[in-house]
Amino acid sequence: MIGHITYMSDISMAEKFGRRVKANRQPFKFSPDFEVESYLSFRGDNFVKRFDANSYLYITKAIDSFNILNGKNLQDIFKQLEAKVLVIAFKSDWLYPLYQSQEIVRACKLSGVDATYCEINSTYGHDAFLLEFEEETLLIKNFLRTVSNLCEV
């Protein structure tokens with residue numbers, strides 16, 4: 001339930017739920033009073049039915065242990081990169097904030113890597129990458145078209 005909150009922005013949570021109370025609310029009970037509580041409980045219950053908690057611990061440990069820098073700076077990491085890079089960021093994403101994507105693009109450019117940065121204005125938080133597919137598709141198509149045209153020259 002906590003993880004799900006981080007995938008949505010405060011704007012999308014407010015639009016979807018606000019402070020609306022459940023129709024069958026039972027006052028002074030420790031049960032869900034607000035629609036958002038019922039939604040998060042439902043999502044949380046479904047998540048644990050289809051996803052083993054131990055695998056989540058291993059994935060989290062692997063992510064926490066990974067260190068791309070390993071004593072180097074980000075600019076040095078990209079120096080050997082020969083690919084052109086497209087970075088798409090979402091304004092309301094709390095999980096991967098804009099400044100992190102901008103830092104990657106800055107390091108690419110300082111390393112001489114051709115990097116393109118696109119920012120999508122979305123209220124869907126981290127879930128935007130699943131929901132803003134039309135704009136993403138357009139950006140990726142244009143990027144790939146540009147890259148393929150450069151390769152033909």
# chains A, B, ... in the order shown; residues from 1 in each chain; ligands from 1
>>> residues_around(residues="stretch 16-24 of chain A", least_positions_apart="2", cutoff="8 Å", atoms="only C-alpha atoms", output="VMD selection string")
chain A and resid 12 to 14 26 32 to 36
>>> residues_around(residues="stretch 118-130 of chain A", least_positions_apart="5", cutoff="10 Å", atoms="only C-alpha atoms", output="PyMOL selection string")
chain A and resi 4-13+15+86-98+101-102+135-136+139-140
>>> residues_around(residues="stretch 74-82 of chain A", least_positions_apart="5", cutoff="8 Å", atoms="only C-alpha atoms", output="PyMOL selection string")
chain A and resi 68-69+104+107-108+110-113
>>> closest_residue(among="A:Ser55, A:Gly71, A:Phe143, A:Lys29", to="A:Ala115", atoms="only C-alpha atoms")
A:Phe143
>>> select_by_dssp(residues="chain A", states="helix (DSSP H, G or I)", output="PyMOL selection string")
chain A and resi 2-7+10-16+35-50+53-65+74-78+98-110+125-131+133-152
>>> select_by_dssp(residues="stretch 2-149 of chain A", states="strand (DSSP E or B)", output="PyMOL selection string")
chain A and resi 21+34+85-90+115-120
>>> write_last_selection(atoms="all heavy atoms", output="mmCIF file, in the first residue's frame")
data_model
loop_
_atom_site.group_PDB
_atom_site.id
_atom_site.type_symbol
_atom_site.label_atom_id
_atom_site.label_comp_id
_atom_site.auth_asym_id
_atom_site.auth_seq_id
_atom_site.Cartn_x
_atom_site.Cartn_y
_atom_site.Cartn_z
ATOM 1 N N VAL A 21 -15.474 9.985 1.691
ATOM 2 C CA VAL A 21 -15.651 8.871 2.625
ATOM 3 C C VAL A 21 -16.424 7.759 1.934
ATOM 4 O O VAL A 21 -17.143 7.986 0.962
ATOM 5 C CB VAL A 21 -16.383 9.301 3.926
ATOM 6 C CG1 VAL A 21 -15.535 10.288 4.703
ATOM 7 C CG2 VAL A 21 -17.749 9.874 3.630
ATOM 8 N N PHE A 34 -12.262 6.069 4.335
ATOM 9 C CA PHE A 34 -12.146 6.847 3.112
ATOM 10 C C PHE A 34 -11.973 5.923 1.919
ATOM 11 O O PHE A 34 -11.450 4.815 2.035
ATOM 12 C CB PHE A 34 -10.963 7.817 3.210
ATOM 13 C CG PHE A 34 -11.133 8.840 4.283
ATOM 14 C CD1 PHE A 34 -10.637 8.637 5.555
ATOM 15 C CD2 PHE A 34 -11.817 10.024 4.024
ATOM 16 C CE1 PHE A 34 -10.812 9.576 6.559
ATOM 17 C CE2 PHE A 34 -11.997 10.975 5.009
ATOM 18 C CZ PHE A 34 -11.490 10.754 6.278
ATOM 19 N N VAL A 85 21.423 8.770 -26.673
ATOM 20 C CA VAL A 85 20.605 8.523 -25.483
ATOM 21 C C VAL A 85 19.357 9.398 -25.495
ATOM 22 O O VAL A 85 19.429 10.588 -25.798
ATOM 23 C CB VAL A 85 21.437 8.808 -24.201
ATOM 24 C CG1 VAL A 85 20.585 8.696 -22.954
ATOM 25 C CG2 VAL A 85 22.638 7.883 -24.134
ATOM 26 N N LEU A 86 18.227 8.796 -25.168
ATOM 27 C CA LEU A 86 16.972 9.516 -24.952
ATOM 28 C C LEU A 86 16.559 9.297 -23.502
ATOM 29 O O LEU A 86 16.428 8.154 -23.055
ATOM 30 C CB LEU A 86 15.866 8.998 -25.885
ATOM 31 C CG LEU A 86 14.458 9.518 -25.598
ATOM 32 C CD1 LEU A 86 14.366 11.034 -25.804
ATOM 33 C CD2 LEU A 86 13.437 8.792 -26.468
ATOM 34 N N VAL A 87 16.367 10.376 -22.779
ATOM 35 C CA VAL A 87 15.896 10.298 -21.395
ATOM 36 C C VAL A 87 14.542 10.994 -21.340
ATOM 37 O O VAL A 87 14.425 12.160 -21.713
ATOM 38 C CB VAL A 87 16.888 10.969 -20.415
ATOM 39 C CG1 VAL A 87 16.326 10.990 -19.003
ATOM 40 C CG2 VAL A 87 18.232 10.262 -20.454
ATOM 41 N N ILE A 88 13.536 10.250 -20.903
ATOM 42 C CA ILE A 88 12.195 10.802 -20.740
ATOM 43 C C ILE A 88 11.892 10.850 -19.244
ATOM 44 O O ILE A 88 12.038 9.851 -18.540
ATOM 45 C CB ILE A 88 11.135 9.947 -21.467
ATOM 46 C CG1 ILE A 88 11.428 9.901 -22.972
ATOM 47 C CG2 ILE A 88 9.733 10.494 -21.205
ATOM 48 C CD1 ILE A 88 10.509 8.980 -23.757
ATOM 49 N N ALA A 89 11.489 12.020 -18.779
ATOM 50 C CA ALA A 89 11.166 12.198 -17.361
ATOM 51 C C ALA A 89 9.740 12.718 -17.228
ATOM 52 O O ALA A 89 9.211 13.349 -18.147
ATOM 53 C CB ALA A 89 12.155 13.178 -16.729
ATOM 54 N N PHE A 90 9.139 12.454 -16.076
ATOM 55 C CA PHE A 90 7.764 12.869 -15.808
ATOM 56 C C PHE A 90 7.763 13.826 -14.622
ATOM 57 O O PHE A 90 8.287 13.496 -13.555
ATOM 58 C CB PHE A 90 6.891 11.647 -15.517
ATOM 59 C CG PHE A 90 6.883 10.672 -16.664
ATOM 60 C CD1 PHE A 90 7.776 9.615 -16.701
ATOM 61 C CD2 PHE A 90 6.009 10.848 -17.720
ATOM 62 C CE1 PHE A 90 7.792 8.740 -17.770
ATOM 63 C CE2 PHE A 90 6.014 9.976 -18.794
ATOM 64 C CZ PHE A 90 6.917 8.916 -18.818
ATOM 65 N N ALA A 115 22.877 13.233 -26.144
ATOM 66 C CA ALA A 115 21.759 12.915 -25.258
ATOM 67 C C ALA A 115 20.612 13.880 -25.484
ATOM 68 O O ALA A 115 20.820 15.084 -25.634
ATOM 69 C CB ALA A 115 22.205 12.962 -23.806
ATOM 70 N N THR A 116 19.405 13.336 -25.505
ATOM 71 C CA THR A 116 18.191 14.130 -25.656
ATOM 72 C C THR A 116 17.359 13.965 -24.394
ATOM 73 O O THR A 116 17.168 12.851 -23.906
ATOM 74 C CB THR A 116 17.373 13.643 -26.875
ATOM 75 O OG1 THR A 116 18.184 13.749 -28.042
ATOM 76 C CG2 THR A 116 16.115 14.455 -27.054
ATOM 77 N N TYR A 117 16.871 15.073 -23.889
ATOM 78 C CA TYR A 117 16.055 15.068 -22.674
ATOM 79 C C TYR A 117 14.648 15.542 -23.014
ATOM 80 O O TYR A 117 14.465 16.589 -23.641
ATOM 81 C CB TYR A 117 16.679 15.997 -21.627
ATOM 82 C CG TYR A 117 15.866 16.152 -20.372
ATOM 83 C CD1 TYR A 117 15.831 15.141 -19.414
ATOM 84 C CD2 TYR A 117 15.136 17.307 -20.127
ATOM 85 C CE1 TYR A 117 15.095 15.283 -18.253
ATOM 86 C CE2 TYR A 117 14.394 17.457 -18.967
ATOM 87 C CZ TYR A 117 14.382 16.443 -18.030
ATOM 88 O OH TYR A 117 13.654 16.582 -16.879
ATOM 89 N N CYS A 118 13.656 14.778 -22.614
ATOM 90 C CA CYS A 118 12.252 15.150 -22.803
ATOM 91 C C CYS A 118 11.537 15.034 -21.467
ATOM 92 O O CYS A 118 11.708 14.047 -20.745
ATOM 93 C CB CYS A 118 11.578 14.234 -23.825
ATOM 94 S SG CYS A 118 12.283 14.349 -25.468
ATOM 95 N N GLU A 119 10.729 16.033 -21.183
ATOM 96 C CA GLU A 119 9.990 16.075 -19.936
ATOM 97 C C GLU A 119 8.505 16.056 -20.270
ATOM 98 O O GLU A 119 8.044 16.859 -21.076
ATOM 99 C CB GLU A 119 10.361 17.375 -19.222
ATOM 100 C CG GLU A 119 10.221 17.362 -17.747
ATOM 101 C CD GLU A 119 10.842 18.618 -17.145
ATOM 102 O OE1 GLU A 119 12.048 18.596 -16.846
ATOM 103 O OE2 GLU A 119 10.101 19.607 -16.997
ATOM 104 N N ILE A 120 7.787 15.136 -19.674
ATOM 105 C CA ILE A 120 6.345 15.040 -19.904
ATOM 106 C C ILE A 120 5.618 15.589 -18.681
ATOM 107 O O ILE A 120 5.872 15.164 -17.548
ATOM 108 C CB ILE A 120 5.919 13.582 -20.184
ATOM 109 C CG1 ILE A 120 6.564 13.091 -21.491
ATOM 110 C CG2 ILE A 120 4.395 13.470 -20.246
ATOM 111 C CD1 ILE A 120 6.265 11.650 -21.849
#
